[in-house]
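One structure is given here, and the rest of the page talks about it.
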Amino acid sequence: MPDPSRYHLLLASSGRPVQHGWWANEATARRKLTRWVGEYGTIPGARITLTDEETAEELAAWPEEP
């Protein structure tokens, strides 16, 4: 059974957490990341990250670091 909190999506603004989401399926979490960029990407200082909580690996981030 997949861990329902494995893939963690975090929306932060100016380094402060604004919203969190957790999913068991990586594909679902990646779709949510795309959706969040469209919905919240205009928030000043917005940063959205997707992390695999099992491995502690950052899988994706928006905007990308230079």
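Simple scheme: letters A, B, ... for chains in structure tokens order, numbers from 1 for residues in each chain, numbers from 1 for ligands in the order shown.
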Practice item. Check chain A with DSSP on the backbone and list each residue it calls strand (DSSP E or B), as an MDAnalysis selection string. Key: chainID A and resid 7:13 16:23 46:52 57:62
Check your understanding: Quick one: residues within 12 Å of Ala24 (chain A), only C-alpha atoms counted, chain neighbours fewer than 3 positions away excluded, as a list in words?
Key -> Met1, Pro2, Asp3, Pro4, Ser5, Arg6, Tyr7, His8, Leu9, Gly21, Ala27, Thr28, Ala29, Arg30, Thr51, Asp52, Glu53 and Glu54 of chain A
Exercise for review: Write out as a PyMOL selection string the residues lying within 8 Å of Trp62 (chain A), counting only C-alpha atoms and excluding same-chain residues fewer than 6 positions away.
Suggested key: chain A and resi 37+47-49
Exercise for review: Check the smallest atom-to-atom distance from each of A:Thr34, A:Glu26, A:Thr55, A:Ala61 to Ala12 (chain A) using only C-alpha atoms, then report the winner.
Suggested key: A:Ala61
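Contact shell of Arg16 (chain A) at 10 Å (only C-alpha atoms; same-chain neighbours under 6 positions omitted): A:Leu10, A:Gly45, A:Ala46, A:Arg47.
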Could you write out the selected residues, including C-alpha atoms, as a PDB file, in the first residue's frame?
```pdb
ATOM      1  CA  LEU A  10       4.804  23.065  -0.592  1.00  0.00           C
ATOM      2  CA  GLY A  45       7.926  35.600  -3.838  1.00  0.00           C
ATOM      3  CA  ALA A  46       6.104  32.333  -4.638  1.00  0.00           C
ATOM      4  CA  ARG A  47       8.096  29.101  -4.650  1.00  0.00           C
TER       5      ARG A  47
END
```
